[in-house]
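Take a look at the structure below.
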Amino acid sequence: MSLFNKLFTFSILAFGASAASGISFPRCNSFGGERANVTDLHRVAVIGEDDRMTFSEYAGIKNLPINRVQKKLSATGIFSCNGADATGQLTGANDVVTTVGHHFFDKQCLRMDEPDSCYFQPLGSMEKFKVKIETLVSGCMPGRRNGDWAVIKLERPVTDASFYNLPTQDFVPANGQAITQVSAYHQNFIRNGATPPTVQPCSIRETNPYGTFKHDCDTGYGSSGSAQLLNVDGSTSPTMVALSVSQAKPVYPDGTPFGPSHYNLAVPVAGEFLKALNKTLGRN
């Protein structure tokens with residue numbers, strides 16, 4: 001069965017029929033290995049109304065064939081390391097994956113990945129693609145989220161999935177700019193007992209000089225490393241311009257409660273991140 005047919009089957013099982021017989025994945029711990037209950041997850045990660053959609057829902061709203069949406073977004077998948085998993089995606093080639101750096105490093109940027117524990121699993125597939133751990137590149141810096149990205153090669157290419165393009169130059173985020181976030185799953189997004197892949201049109205809310213930006217895309221545990229894309233509905237492959245790396249917390253450090261302007265955090269594909277991608281792809 002092709003990946004696209006598998007994706008279609010998975011979407012129907014997760015959204016329409018019994019999810020008990022659908023594909024299941026191990027579920028992700030948060031940064032630091034903690035878990036939170038669904039109430040907390042909704043409070044800290046969903047900005048305003050929850051407008052995440054399954055692939056089927058998105059296709060319906062956009063009046064697009066489901067197989068077109070699946071093909072466009074088939075670069076996304078589960079990235080797992082040390083028994084914890086989140087989101088990753090094929091980027092620039094069908095054997096190069098981008099995801100968050102905190103799969104591999106603790107908060108002090110000390111390596112914590114276990115040998116042979118890391119793999120990429122495309123959406124709708126039961127096949128797990130091992131990584132070449134010696135190819136790992138990350139910008140991890142203690143106490144700074146702008147280095148929370150990772151680029152790594154697979155031992156062999158994924159032959160039945162597409163990959164996202166990367167920008168030809170540093171992506172410069174702009175307040176109010178529209179983006180689309182695609183996630184392998186969120187623990188706090190449930191359809192008929194399953195946690196299906198999601199797609200969400202959202203926007204950049206606050207830029208800053210620290211190499212990150214805030215956005216109003218909804219998140220939950222499992223969505224770390226999600227691609228933020230441009231040109232999702234165009235005729236060519238979408239371009240990945242950022243990674244979602246961190247969820248909003250229940251309160252600010254000064255005790256200010258969670259509110260509508262308390263946004264989630266992303267890292268743009270720019271600077272060392274873009275250089276690492278191009279080098280891994282052999283484009284230097």
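Just remember, in the structure tokens the first chain shown is A, the second B, etc., residues are 1-based per chain, and ligands are 1-based in the order shown.
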Just list the residues in segment 26-196 of chain A DSSP gives strand (DSSP E or B) on the backbone, as a PyMOL selection string. chain A and resi 53+76-81+84-91+96-99+105+111+119-122+129-138+141+144+150-154+164-165+178-183+191+194
Based on DSSP run over this structure's backbone, return all residues of segment 13-202 of chain A in alpha helix (DSSP H), as a PyMOL selection string. chain A and resi 13-15+38-45+55-62+66-72
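The closest residue to Phe171 of chain A, picked from A:Gly211, A:Gly88, A:Pro65, A:Pro115 and counting only C-alpha atoms, is A:Gly211.
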Can I get the residues of segment 68-104 of chain A within 6 Å of segment 146-153 of chain A, each with the closest pair of atoms and their distance in Å to one decimal, using only C-alpha atoms, sorted chain first then ascending number, as a tab-separated table?
```
residue	atom	partner	partner_atom	distance
A:Asp95	CA	A:Lys153	CA	5.6
A:Val96	CA	A:Lys153	CA	4.5
A:Val97	CA	A:Ile152	CA	5.5
A:Thr98	CA	A:Val151	CA	4.7
A:Thr99	CA	A:Ala150	CA	5.3
A:Val100	CA	A:Trp149	CA	4.4
A:Gly101	CA	A:Trp149	CA	4.4
```
Kindly save the residues from that selection, with N, CA, C and O atoms included, as an mmCIF file, in the first residue's frame.
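Wrote result_27.cif, looks like this:
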```
data_model
loop_
_atom_site.group_PDB
_atom_site.id
_atom_site.type_symbol
_atom_site.label_atom_id
_atom_site.label_comp_id
_atom_site.auth_asym_id
_atom_site.auth_seq_id
_atom_site.Cartn_x
_atom_site.Cartn_y
_atom_site.Cartn_z
ATOM 1 N N ASP A 95 15.803 12.110 2.580
ATOM 2 C CA ASP A 95 16.586 11.439 3.623
ATOM 3 C C ASP A 95 17.137 12.432 4.653
ATOM 4 O O ASP A 95 18.046 12.093 5.419
ATOM 5 N N VAL A 96 16.588 13.634 4.689
ATOM 6 C CA VAL A 96 17.009 14.652 5.660
ATOM 7 C C VAL A 96 15.793 15.079 6.475
ATOM 8 O O VAL A 96 14.747 15.429 5.912
ATOM 9 N N VAL A 97 15.932 15.051 7.793
ATOM 10 C CA VAL A 97 14.826 15.357 8.700
ATOM 11 C C VAL A 97 15.189 16.551 9.571
ATOM 12 O O VAL A 97 16.327 16.674 10.045
ATOM 13 N N THR A 98 14.203 17.421 9.793
ATOM 14 C CA THR A 98 14.334 18.501 10.770
ATOM 15 C C THR A 98 13.375 18.242 11.920
ATOM 16 O O THR A 98 12.262 17.733 11.729
ATOM 17 N N THR A 99 13.811 18.608 13.125
ATOM 18 C CA THR A 99 12.981 18.476 14.314
ATOM 19 C C THR A 99 13.586 19.376 15.396
ATOM 20 O O THR A 99 14.472 20.181 15.117
ATOM 21 N N VAL A 100 13.106 19.236 16.628
ATOM 22 C CA VAL A 100 13.636 20.057 17.719
ATOM 23 C C VAL A 100 14.931 19.484 18.291
ATOM 24 O O VAL A 100 15.127 18.271 18.318
ATOM 25 N N GLY A 101 15.790 20.360 18.766
ATOM 26 C CA GLY A 101 17.050 19.928 19.359
ATOM 27 C C GLY A 101 16.877 19.221 20.680
ATOM 28 O O GLY A 101 17.730 18.416 21.078
#
```
When distances are computed from only C-alpha atoms, which of A:Ala270, A:Val199, A:Ala84, A:Leu73 shows the smallest separation from Thr219 of chain A?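 Using only C-alpha atoms, the shortest distance to Thr219 of chain A belongs to A:Val199.
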Using only C-alpha atoms, which of A:Ala93, A:Asp106, A:Thr180, A:Lys214 sits nearest Arg156 of chain A? A:Ala93
Would you compute the distance between atom CA of Asn188 of chain A and atom CA of Tyr221 of chain A? Give it in Å to one decimal.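 Atom CA of Tyr221 of chain A lies at a distance of 7.4 Å from atom CA of Asn188 of chain A.
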Kindly give the distance, in Å, that separates atom CA of Pro209 of chain A and atom CA of Gly143 of chain A, rounded to a single decimal.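 These atoms are spaced 15.6 Å apart.
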Excluding same-chain residues fewer than 2 positions from Thr207 of chain A, what lies within 7 Å of it counting only C-alpha atoms, as a ChimeraX atom specification? /A:173-175,205,213-214
How would the residues just picked look written out with all heavy atoms as a PDB file, in the first residue's frame?
```pdb
ATOM      1  N   PRO A 173      10.653  36.701   9.720  1.00  0.00           N
ATOM      2  CA  PRO A 173       9.236  36.739  10.092  1.00  0.00           C
ATOM      3  C   PRO A 173       8.721  38.166  10.213  1.00  0.00           C
ATOM      4  O   PRO A 173       9.462  39.082  10.572  1.00  0.00           O
ATOM      5  CB  PRO A 173       9.214  36.034  11.449  1.00  0.00           C
ATOM      6  CG  PRO A 173      10.595  36.186  11.997  1.00  0.00           C
ATOM      7  CD  PRO A 173      11.511  36.189  10.810  1.00  0.00           C
ATOM      8  N   ALA A 174       7.443  38.338   9.907  1.00  0.00           N
ATOM      9  CA  ALA A 174       6.802  39.644   9.999  1.00  0.00           C
ATOM     10  C   ALA A 174       5.510  39.511  10.798  1.00  0.00           C
ATOM     11  O   ALA A 174       4.754  38.543  10.606  1.00  0.00           O
ATOM     12  CB  ALA A 174       6.510  40.200   8.611  1.00  0.00           C
ATOM     13  N   ASN A 175       5.254  40.440  11.678  1.00  0.00           N
ATOM     14  CA  ASN A 175       4.031  40.409  12.472  1.00  0.00           C
ATOM     15  C   ASN A 175       2.806  40.337  11.569  1.00  0.00           C
ATOM     16  O   ASN A 175       2.688  41.088  10.596  1.00  0.00           O
ATOM     17  CB  ASN A 175       3.940  41.650  13.358  1.00  0.00           C
ATOM     18  CG  ASN A 175       4.971  41.643  14.467  1.00  0.00           C
ATOM     19  OD1 ASN A 175       5.544  40.601  14.796  1.00  0.00           O
ATOM     20  ND2 ASN A 175       5.223  42.791  15.059  1.00  0.00           N
ATOM     21  N   ARG A 205       2.802  36.429  15.409  1.00  0.00           N
ATOM     22  CA  ARG A 205       2.239  37.482  16.249  1.00  0.00           C
ATOM     23  C   ARG A 205       3.253  38.499  16.749  1.00  0.00           C
ATOM     24  O   ARG A 205       2.970  39.683  16.807  1.00  0.00           O
ATOM     25  CB  ARG A 205       1.516  36.856  17.439  1.00  0.00           C
ATOM     26  CG  ARG A 205       0.237  36.146  17.058  1.00  0.00           C
ATOM     27  CD  ARG A 205      -0.810  37.119  16.577  1.00  0.00           C
ATOM     28  NE  ARG A 205      -2.105  36.491  16.385  1.00  0.00           N
ATOM     29  CZ  ARG A 205      -3.247  37.153  16.383  1.00  0.00           C
ATOM     30  NH1 ARG A 205      -3.248  38.473  16.551  1.00  0.00           N
ATOM     31  NH2 ARG A 205      -4.380  36.500  16.188  1.00  0.00           N
ATOM     32  N   PHE A 213      10.340  33.768  17.232  1.00  0.00           N
ATOM     33  CA  PHE A 213       9.144  34.605  17.136  1.00  0.00           C
ATOM     34  C   PHE A 213       7.975  33.891  17.795  1.00  0.00           C
ATOM     35  O   PHE A 213       7.986  32.675  17.971  1.00  0.00           O
ATOM     36  CB  PHE A 213       8.823  34.978  15.686  1.00  0.00           C
ATOM     37  CG  PHE A 213       8.463  33.823  14.787  1.00  0.00           C
ATOM     38  CD1 PHE A 213       7.171  33.310  14.748  1.00  0.00           C
ATOM     39  CD2 PHE A 213       9.413  33.264  13.947  1.00  0.00           C
ATOM     40  CE1 PHE A 213       6.833  32.262  13.913  1.00  0.00           C
ATOM     41  CE2 PHE A 213       9.095  32.211  13.096  1.00  0.00           C
ATOM     42  CZ  PHE A 213       7.794  31.708  13.086  1.00  0.00           C
ATOM     43  N   LYS A 214       6.957  34.663  18.168  1.00  0.00           N
ATOM     44  CA  LYS A 214       5.754  34.115  18.779  1.00  0.00           C
ATOM     45  C   LYS A 214       4.664  33.971  17.721  1.00  0.00           C
ATOM     46  O   LYS A 214       4.559  34.787  16.807  1.00  0.00           O
ATOM     47  CB  LYS A 214       5.290  35.008  19.922  1.00  0.00           C
ATOM     48  CG  LYS A 214       6.269  35.045  21.090  1.00  0.00           C
ATOM     49  CD  LYS A 214       5.765  35.917  22.233  1.00  0.00           C
ATOM     50  CE  LYS A 214       6.763  35.942  23.388  1.00  0.00           C
ATOM     51  NZ  LYS A 214       6.275  36.781  24.513  1.00  0.00           N
TER      52      LYS A 214
END
```
Atom CA of Gln181 of chain A and atom CA of Cys202 of chain A, how far apart in Å?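 Computing the Euclidean distance for atom CA of Cys202 of chain A and atom CA of Gln181 of chain A yields 7.2 Å.
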For Asn208 of chain A, the nearest of the candidates A:Lys107, A:Ala266, A:Val241, A:Ser183, counting only C-alpha atoms: A:Ala266
